[in-house]
>>> print(open('protein36.cif').read())   # mmCIF, N, CA, C and O atoms
data_start
loop_
_atom_site.label_atom_id
_atom_site.label_comp_id
_atom_site.auth_asym_id
_atom_site.auth_seq_id
_atom_site.Cartn_x
_atom_site.Cartn_y
_atom_site.Cartn_z
N MET W 1 263.88 123.35 95.56
CA MET W 1 264.17 124.39 96.54
C MET W 1 263.44 125.67 96.14
O MET W 1 263.31 125.97 94.97
N ALA W 2 262.98 126.39 97.10
CA ALA W 2 262.23 127.61 96.83
C ALA W 2 263.15 128.72 96.34
O ALA W 2 264.34 128.75 96.65
N ILE W 3 262.56 129.63 95.61
CA ILE W 3 263.30 130.81 95.14
C ILE W 3 263.45 131.77 96.31
O ILE W 3 262.51 132.02 97.05
N ILE W 4 264.64 132.34 96.44
CA ILE W 4 264.91 133.30 97.50
C ILE W 4 264.73 134.70 96.95
O ILE W 4 265.26 135.03 95.88
N LYS W 5 263.99 135.52 97.68
CA LYS W 5 263.88 136.94 97.34
C LYS W 5 265.14 137.61 97.88
O LYS W 5 265.34 137.69 99.09
N VAL W 6 265.99 138.06 96.98
CA VAL W 6 267.29 138.61 97.37
C VAL W 6 267.15 140.09 97.68
O VAL W 6 266.59 140.86 96.89
N THR W 7 267.71 140.47 98.83
CA THR W 7 267.73 141.87 99.26
C THR W 7 269.15 142.24 99.65
O THR W 7 270.02 141.36 99.77
N ASN W 8 269.37 143.50 99.89
CA ASN W 8 270.68 143.95 100.38
C ASN W 8 271.02 143.25 101.69
O ASN W 8 272.19 142.97 101.96
N GLU W 9 270.00 142.95 102.49
CA GLU W 9 270.21 142.37 103.81
C GLU W 9 270.66 140.91 103.74
O GLU W 9 271.46 140.47 104.55
N ASN W 10 270.13 140.12 102.80
CA ASN W 10 270.49 138.70 102.77
C ASN W 10 271.51 138.35 101.68
O ASN W 10 271.92 137.20 101.55
N PHE W 11 271.94 139.32 100.91
CA PHE W 11 272.83 139.06 99.79
C PHE W 11 274.19 138.52 100.23
O PHE W 11 274.74 137.60 99.62
N GLU W 12 274.76 139.08 101.28
CA GLU W 12 276.09 138.64 101.74
C GLU W 12 276.09 137.16 102.09
O GLU W 12 277.06 136.46 101.83
N GLN W 13 274.99 136.66 102.65
CA GLN W 13 274.90 135.24 102.98
C GLN W 13 274.96 134.38 101.71
O GLN W 13 275.56 133.31 101.71
N LEU W 14 274.34 134.85 100.63
CA LEU W 14 274.37 134.10 99.38
C LEU W 14 275.79 133.96 98.84
O LEU W 14 276.14 132.94 98.24
N LEU W 15 276.60 134.98 99.04
CA LEU W 15 277.98 134.94 98.56
C LEU W 15 278.81 133.87 99.28
O LEU W 15 279.80 133.39 98.75
N LYS W 16 278.37 133.48 100.47
CA LYS W 16 279.10 132.50 101.27
C LYS W 16 278.66 131.06 101.00
O LYS W 16 279.26 130.13 101.53
N GLU W 17 277.62 130.87 100.20
CA GLU W 17 277.09 129.53 99.95
C GLU W 17 278.08 128.68 99.17
O GLU W 17 278.83 129.17 98.32
N ASP W 18 278.06 127.37 99.46
CA ASP W 18 278.90 126.41 98.74
C ASP W 18 278.34 126.09 97.37
O ASP W 18 279.07 125.74 96.46
N LYS W 19 277.04 126.19 97.22
CA LYS W 19 276.38 125.87 95.95
C LYS W 19 276.45 127.07 95.00
O LYS W 19 276.49 128.22 95.45
N PRO W 20 276.42 126.81 93.69
CA PRO W 20 276.29 127.92 92.74
C PRO W 20 274.97 128.66 92.97
O PRO W 20 273.97 128.05 93.37
N VAL W 21 274.98 129.96 92.71
CA VAL W 21 273.79 130.79 92.90
C VAL W 21 273.39 131.38 91.55
O VAL W 21 274.21 132.02 90.88
N LEU W 22 272.16 131.14 91.15
CA LEU W 22 271.60 131.73 89.93
C LEU W 22 270.75 132.92 90.36
O LEU W 22 269.76 132.74 91.08
N LEU W 23 271.14 134.12 89.95
CA LEU W 23 270.39 135.33 90.28
C LEU W 23 269.65 135.82 89.06
O LEU W 23 270.23 135.96 87.98
N ASP W 24 268.37 136.09 89.23
CA ASP W 24 267.51 136.63 88.19
C ASP W 24 267.20 138.08 88.55
O ASP W 24 266.45 138.34 89.49
N PHE W 25 267.82 139.01 87.85
CA PHE W 25 267.54 140.44 88.04
C PHE W 25 266.35 140.78 87.16
O PHE W 25 266.42 140.62 85.94
N TYR W 26 265.27 141.26 87.77
CA TYR W 26 264.00 141.45 87.06
C TYR W 26 263.26 142.67 87.59
O TYR W 26 263.67 143.28 88.58
N ALA W 27 262.15 142.99 86.93
CA ALA W 27 261.19 143.98 87.43
C ALA W 27 259.79 143.46 87.12
O ALA W 27 259.59 142.75 86.12
N ASP W 28 258.84 143.80 87.97
CA ASP W 28 257.46 143.33 87.79
C ASP W 28 256.84 143.80 86.48
O ASP W 28 256.01 143.11 85.90
N TRP W 29 257.26 144.96 85.99
CA TRP W 29 256.65 145.54 84.78
C TRP W 29 257.30 145.02 83.49
O TRP W 29 256.86 145.32 82.39
N CYS W 30 258.35 144.20 83.60
CA CYS W 30 259.14 143.75 82.46
C CYS W 30 258.52 142.51 81.81
O CYS W 30 258.45 141.45 82.44
N GLY W 31 258.11 142.63 80.56
CA GLY W 31 257.50 141.51 79.83
C GLY W 31 258.41 140.31 79.69
O GLY W 31 258.02 139.18 80.03
N PRO W 32 259.65 140.48 79.18
CA PRO W 32 260.55 139.33 79.08
C PRO W 32 260.85 138.69 80.44
O PRO W 32 261.06 137.48 80.53
N CYS W 33 260.87 139.50 81.51
CA CYS W 33 261.09 138.96 82.86
C CYS W 33 259.95 138.02 83.24
O CYS W 33 260.17 136.95 83.81
N ARG W 34 258.73 138.44 82.92
CA ARG W 34 257.56 137.60 83.21
C ARG W 34 257.58 136.33 82.36
O ARG W 34 257.09 135.29 82.80
N MET W 35 258.14 136.41 81.16
CA MET W 35 258.22 135.23 80.29
C MET W 35 259.13 134.15 80.87
O MET W 35 258.82 132.97 80.77
N ILE W 36 260.25 134.56 81.46
CA ILE W 36 261.18 133.55 81.98
C ILE W 36 260.90 133.16 83.44
O ILE W 36 261.47 132.18 83.92
N ALA W 37 260.03 133.90 84.11
CA ALA W 37 259.75 133.61 85.53
C ALA W 37 259.33 132.16 85.76
O ALA W 37 259.85 131.52 86.68
N PRO W 38 258.42 131.59 84.94
CA PRO W 38 258.07 130.18 85.18
C PRO W 38 259.24 129.23 84.95
O PRO W 38 259.35 128.20 85.62
N ILE W 39 260.12 129.56 84.04
CA ILE W 39 261.30 128.73 83.78
C ILE W 39 262.24 128.76 84.98
O ILE W 39 262.75 127.73 85.41
N ILE W 40 262.44 129.94 85.51
CA ILE W 40 263.31 130.10 86.68
C ILE W 40 262.73 129.31 87.86
O ILE W 40 263.45 128.61 88.57
N GLU W 41 261.42 129.39 88.04
CA GLU W 41 260.76 128.65 89.12
C GLU W 41 260.91 127.14 88.92
O GLU W 41 261.17 126.39 89.86
N GLU W 42 260.76 126.70 87.69
CA GLU W 42 260.89 125.28 87.36
C GLU W 42 262.31 124.79 87.69
O GLU W 42 262.49 123.72 88.28
N ILE W 43 263.30 125.57 87.31
CA ILE W 43 264.69 125.21 87.60
C ILE W 43 264.91 125.13 89.11
O ILE W 43 265.54 124.20 89.61
N ALA W 44 264.38 126.11 89.83
CA ALA W 44 264.53 126.11 91.30
C ALA W 44 263.91 124.86 91.92
O ALA W 44 264.47 124.29 92.86
N ASN W 45 262.78 124.42 91.39
CA ASN W 45 262.10 123.24 91.93
C ASN W 45 262.80 121.94 91.55
O ASN W 45 262.71 120.95 92.27
N GLU W 46 263.47 121.93 90.42
CA GLU W 46 264.11 120.70 89.92
C GLU W 46 265.52 120.48 90.44
O GLU W 46 265.98 119.36 90.52
N ARG W 47 266.21 121.55 90.77
CA ARG W 47 267.64 121.44 91.08
C ARG W 47 267.91 121.72 92.56
O ARG W 47 267.70 122.82 93.04
N ASP W 48 268.43 120.71 93.26
CA ASP W 48 268.82 120.88 94.65
C ASP W 48 270.28 121.31 94.78
O ASP W 48 270.73 121.66 95.86
N ASP W 49 271.01 121.25 93.66
CA ASP W 49 272.44 121.53 93.70
C ASP W 49 272.76 123.01 93.47
O ASP W 49 273.93 123.39 93.43
N ILE W 50 271.72 123.83 93.32
CA ILE W 50 271.94 125.28 93.13
C ILE W 50 270.97 126.05 94.01
O ILE W 50 269.98 125.51 94.49
N ILE W 51 271.28 127.32 94.19
CA ILE W 51 270.38 128.25 94.88
C ILE W 51 269.89 129.24 93.84
O ILE W 51 270.68 129.75 93.04
N VAL W 52 268.60 129.49 93.82
CA VAL W 52 268.02 130.42 92.86
C VAL W 52 267.46 131.62 93.62
O VAL W 52 266.67 131.46 94.56
N GLY W 53 267.89 132.79 93.21
CA GLY W 53 267.42 134.03 93.84
C GLY W 53 266.90 135.01 92.80
O GLY W 53 267.37 135.02 91.66
N LYS W 54 265.92 135.79 93.20
CA LYS W 54 265.36 136.83 92.33
C LYS W 54 265.65 138.18 92.96
O LYS W 54 265.43 138.38 94.15
N VAL W 55 266.15 139.11 92.13
CA VAL W 55 266.49 140.45 92.59
C VAL W 55 265.62 141.44 91.84
O VAL W 55 265.76 141.62 90.63
N ASN W 56 264.69 142.08 92.55
CA ASN W 56 263.84 143.11 91.95
C ASN W 56 264.67 144.39 91.83
O ASN W 56 265.02 145.00 92.84
N VAL W 57 264.99 144.78 90.61
CA VAL W 57 265.88 145.93 90.39
C VAL W 57 265.26 147.25 90.85
O VAL W 57 265.98 148.19 91.18
N ASP W 58 263.93 147.31 90.90
CA ASP W 58 263.27 148.53 91.37
C ASP W 58 263.42 148.68 92.88
O ASP W 58 263.44 149.79 93.40
N GLU W 59 263.50 147.56 93.59
CA GLU W 59 263.61 147.59 95.05
C GLU W 59 265.06 147.48 95.53
O GLU W 59 265.39 147.95 96.62
N GLN W 60 265.91 146.85 94.73
CA GLN W 60 267.30 146.59 95.13
C GLN W 60 268.26 147.20 94.10
O GLN W 60 269.11 146.52 93.53
N GLY W 61 268.12 148.48 93.88
CA GLY W 61 268.92 149.18 92.88
C GLY W 61 270.42 149.09 93.12
O GLY W 61 271.21 149.00 92.19
N ALA W 62 270.83 149.06 94.38
CA ALA W 62 272.26 149.00 94.70
C ALA W 62 272.86 147.67 94.23
O ALA W 62 273.99 147.65 93.73
N LEU W 63 272.12 146.59 94.37
CA LEU W 63 272.62 145.28 93.91
C LEU W 63 272.72 145.26 92.39
O LEU W 63 273.70 144.76 91.84
N ALA W 64 271.71 145.80 91.74
CA ALA W 64 271.74 145.86 90.27
C ALA W 64 272.93 146.69 89.81
O ALA W 64 273.63 146.31 88.87
N GLN W 65 273.16 147.79 90.46
CA GLN W 65 274.27 148.66 90.10
C GLN W 65 275.62 147.98 90.38
O GLN W 65 276.55 148.08 89.58
N ALA W 66 275.71 147.25 91.46
CA ALA W 66 276.96 146.57 91.82
C ALA W 66 277.37 145.54 90.76
O ALA W 66 278.55 145.29 90.56
N TYR W 67 276.37 144.97 90.07
CA TYR W 67 276.66 143.96 89.05
C TYR W 67 276.46 144.51 87.64
O TYR W 67 276.37 143.75 86.68
N ASP W 68 276.42 145.83 87.51
CA ASP W 68 276.32 146.51 86.21
C ASP W 68 275.14 146.00 85.39
O ASP W 68 275.27 145.81 84.17
N VAL W 69 274.02 145.78 86.04
CA VAL W 69 272.81 145.33 85.33
C VAL W 69 272.20 146.55 84.65
O VAL W 69 271.71 147.46 85.30
N MET W 70 272.27 146.57 83.32
CA MET W 70 271.75 147.68 82.54
C MET W 70 270.44 147.33 81.85
O MET W 70 269.66 148.21 81.51
N SER W 71 270.22 146.04 81.59
CA SER W 71 269.01 145.56 80.93
C SER W 71 268.47 144.39 81.74
O SER W 71 269.22 143.67 82.39
N ILE W 72 267.17 144.21 81.66
CA ILE W 72 266.55 143.08 82.34
C ILE W 72 265.70 142.30 81.36
O ILE W 72 265.22 142.88 80.39
N PRO W 73 265.54 141.02 81.57
CA PRO W 73 266.13 140.25 82.65
C PRO W 73 267.63 140.01 82.43
O PRO W 73 268.07 139.87 81.30
N THR W 74 268.36 140.01 83.52
CA THR W 74 269.77 139.61 83.49
C THR W 74 269.92 138.45 84.46
O THR W 74 269.46 138.52 85.60
N LEU W 75 270.56 137.40 83.99
CA LEU W 75 270.84 136.23 84.82
C LEU W 75 272.33 136.19 85.11
O LEU W 75 273.15 136.33 84.19
N ILE W 76 272.67 136.04 86.38
CA ILE W 76 274.07 135.98 86.79
C ILE W 76 274.27 134.73 87.63
O ILE W 76 273.47 134.44 88.52
N VAL W 77 275.34 134.01 87.34
CA VAL W 77 275.70 132.82 88.11
C VAL W 77 276.92 133.16 88.96
O VAL W 77 277.93 133.65 88.44
N LEU W 78 276.79 132.91 90.26
CA LEU W 78 277.89 133.12 91.20
C LEU W 78 278.36 131.77 91.72
O LEU W 78 277.55 130.93 92.08
N LYS W 79 279.68 131.59 91.76
CA LYS W 79 280.26 130.43 92.41
C LYS W 79 281.35 130.94 93.33
O LYS W 79 282.23 131.70 92.89
N ASN W 80 281.27 130.54 94.59
CA ASN W 80 282.23 131.01 95.60
C ASN W 80 282.28 132.54 95.64
O ASN W 80 283.34 133.13 95.78
N GLY W 81 281.12 133.16 95.44
CA GLY W 81 281.03 134.62 95.52
C GLY W 81 281.48 135.37 94.28
O GLY W 81 281.42 136.59 94.24
N GLN W 82 281.93 134.65 93.25
CA GLN W 82 282.43 135.28 92.03
C GLN W 82 281.49 135.02 90.86
O GLN W 82 280.92 133.94 90.74
N VAL W 83 281.36 136.01 89.98
CA VAL W 83 280.53 135.85 88.78
C VAL W 83 281.25 134.89 87.83
O VAL W 83 282.41 135.12 87.46
N THR W 84 280.56 133.81 87.46
CA THR W 84 281.14 132.84 86.53
C THR W 84 280.44 132.86 85.18
O THR W 84 280.99 132.38 84.19
N ASN W 85 279.24 133.41 85.14
CA ASN W 85 278.50 133.48 83.89
C ASN W 85 277.42 134.54 84.01
O ASN W 85 276.94 134.84 85.10
N GLN W 86 277.01 135.09 82.85
CA GLN W 86 276.01 136.16 82.84
C GLN W 86 275.34 136.19 81.48
O GLN W 86 275.99 135.95 80.45
N ALA W 87 274.05 136.45 81.47
CA ALA W 87 273.31 136.56 80.21
C ALA W 87 272.19 137.57 80.39
O ALA W 87 271.61 137.69 81.47
N THR W 88 271.88 138.28 79.32
CA THR W 88 270.81 139.27 79.35
C THR W 88 269.74 138.88 78.34
O THR W 88 270.06 138.39 77.25
N GLY W 89 268.49 139.09 78.72
CA GLY W 89 267.38 138.81 77.82
C GLY W 89 266.71 137.48 78.13
O GLY W 89 267.26 136.64 78.83
N ALA W 90 265.50 137.34 77.61
CA ALA W 90 264.75 136.10 77.79
C ALA W 90 265.44 134.97 77.05
O ALA W 90 265.91 135.15 75.92
N ARG W 91 265.53 133.81 77.69
CA ARG W 91 266.21 132.65 77.12
C ARG W 91 265.40 131.40 77.40
O ARG W 91 264.72 131.32 78.41
N PRO W 92 265.54 130.39 76.55
CA PRO W 92 264.87 129.12 76.82
C PRO W 92 265.55 128.40 78.00
O PRO W 92 266.69 128.72 78.35
N LYS W 93 264.86 127.43 78.53
CA LYS W 93 265.36 126.71 79.71
C LYS W 93 266.75 126.12 79.46
O LYS W 93 267.64 126.22 80.32
N ALA W 94 266.95 125.51 78.30
CA ALA W 94 268.25 124.88 78.01
C ALA W 94 269.39 125.91 78.07
O ALA W 94 270.48 125.61 78.56
N ALA W 95 269.14 127.10 77.57
CA ALA W 95 270.18 128.14 77.59
C ALA W 95 270.46 128.61 79.01
O ALA W 95 271.61 128.90 79.35
N ILE W 96 269.42 128.67 79.83
CA ILE W 96 269.62 129.08 81.23
C ILE W 96 270.41 127.99 81.97
O ILE W 96 271.35 128.29 82.70
N LEU W 97 270.05 126.74 81.75
CA LEU W 97 270.78 125.64 82.39
C LEU W 97 272.23 125.60 81.94
O LEU W 97 273.12 125.26 82.71
N ALA W 98 272.49 125.98 80.68
CA ALA W 98 273.86 125.99 80.16
C ALA W 98 274.73 127.01 80.89
O ALA W 98 275.95 126.85 80.95
N LEU W 99 274.12 128.04 81.45
CA LEU W 99 274.88 129.04 82.21
C LEU W 99 275.49 128.44 83.47
O LEU W 99 276.51 128.91 83.96
N LEU W 100 274.80 127.43 84.00
CA LEU W 100 275.24 126.83 85.25
C LEU W 100 276.45 125.95 85.05
O LEU W 100 277.21 125.67 85.89
#
>>> encode(input="protein36.cif", output="structure tokens")
Amino acid sequence: MAIIKVTNENFEQLLKEDKPVLLDFYADWCGPCRMIAPIIEEIANERDDIIVGKVNVDEQGALAQAYDVMSIPTLIVLKNGQVTNQATGARPKAAILALL
């Protein structure tokens, strides 16, 4: 499944999804964010049972603030609209999958 570019406009729909949602809060200038980007894309392509979204904190500051994102990359897992897991910093694929 393709990665969804998450914005304030489409975020509410993600909260209503039946599948778990993996959100990657990132910025284009962030080195660790660029390091995990291929891993996030790989997970999105391999897993049909989850939705993967990317939130650019420079463009969607209100979303970052709503989830208290202070450092990037921050990965947040939502199930039924609720945060079930969260991690900050670059992580290997196994650690990201463990969040799910």
>>> closest_residue(input="protein36.cif", among="W:Ala2, W:Leu15, W:Leu23, W:Val57", to="Glu41 (chain W)", atoms="all atoms listed in the file")
W:Ala2
>>> atom_distance(input="protein36.cif", atom1="CA of Lys16 (chain W)", atom2="CA of Asp28 (chain W)")
27.7 Å
>>> closest_residue(input="protein36.cif", among="W:Arg91, W:Arg34, W:Lys54, W:Lys79", to="Lys19 (chain W)", atoms="all atoms listed in the file")
W:Lys79
>>> residues_around(input="protein36.cif", residues="Met35 (chain W)", least_positions_apart="4", cutoff="12 Å", atoms="only C-alpha atoms", output="JSON, numbers by chain")
{"W": [26, 27, 28, 29, 30, 31, 39, 40, 41, 72, 73, 89, 90, 91, 92, 93]}
>>> closest_residue(input="protein36.cif", among="W:Ile50, W:Ile36, W:Met1, W:Ile43", to="Leu22 (chain W)", atoms="only N, CA, C and O atoms")
W:Ile50
>>> closest_residue(input="protein36.cif", among="W:Pro32, W:Val52, W:Asp58, W:Val21", to="Val83 (chain W)", atoms="only N, CA, C and O atoms")
W:Val21
>>> closest_residue(input="protein36.cif", among="W:Glu42, W:Asp24, W:Asn8, W:Gln82", to="Asn56 (chain W)", atoms="all atoms listed in the file")
W:Asp24
>>> select_by_dssp(input="protein36.cif", residues="chain W", states="strand (DSSP E)", output="list in words")
Ile4, Lys5, Val21, Leu22, Leu23, Asp24, Phe25, Tyr26, Ile51, Val52, Gly53, Lys54, Val55, Asn56, Thr74, Leu75, Ile76, Val77, Leu78, Lys79, Gln82, Val83, Thr84, Asn85, Gln86, Ala87 and Thr88 of chain W
>>> closest_residue(input="protein36.cif", among="W:Gly53, W:Asn45, W:Thr88, W:Asp18", to="Val69 (chain W)", atoms="only C-alpha atoms")
W:Thr88
>>> atom_distance(input="protein36.cif", atom1="atom C of Asp48 (chain W)", atom2="atom C of Leu75 (chain W)")
17.9 Å
>>> atom_distance(input="protein36.cif", atom1="CA of Ile76 (chain W)", atom2="CA of Leu99 (chain W)")
8.4 Å
>>> select_by_dssp(input="protein36.cif", residues="chain W", states="helix (DSSP H, G or I)", output="JSON, numbers by chain")
{"W": [8, 9, 10, 11, 12, 13, 14, 15, 31, 32, 33, 34, 35, 36, 37, 38, 39, 40, 41, 42, 43, 44, 45, 46, 61, 62, 63, 64, 65, 66, 93, 94, 95, 96, 97, 98, 99]}
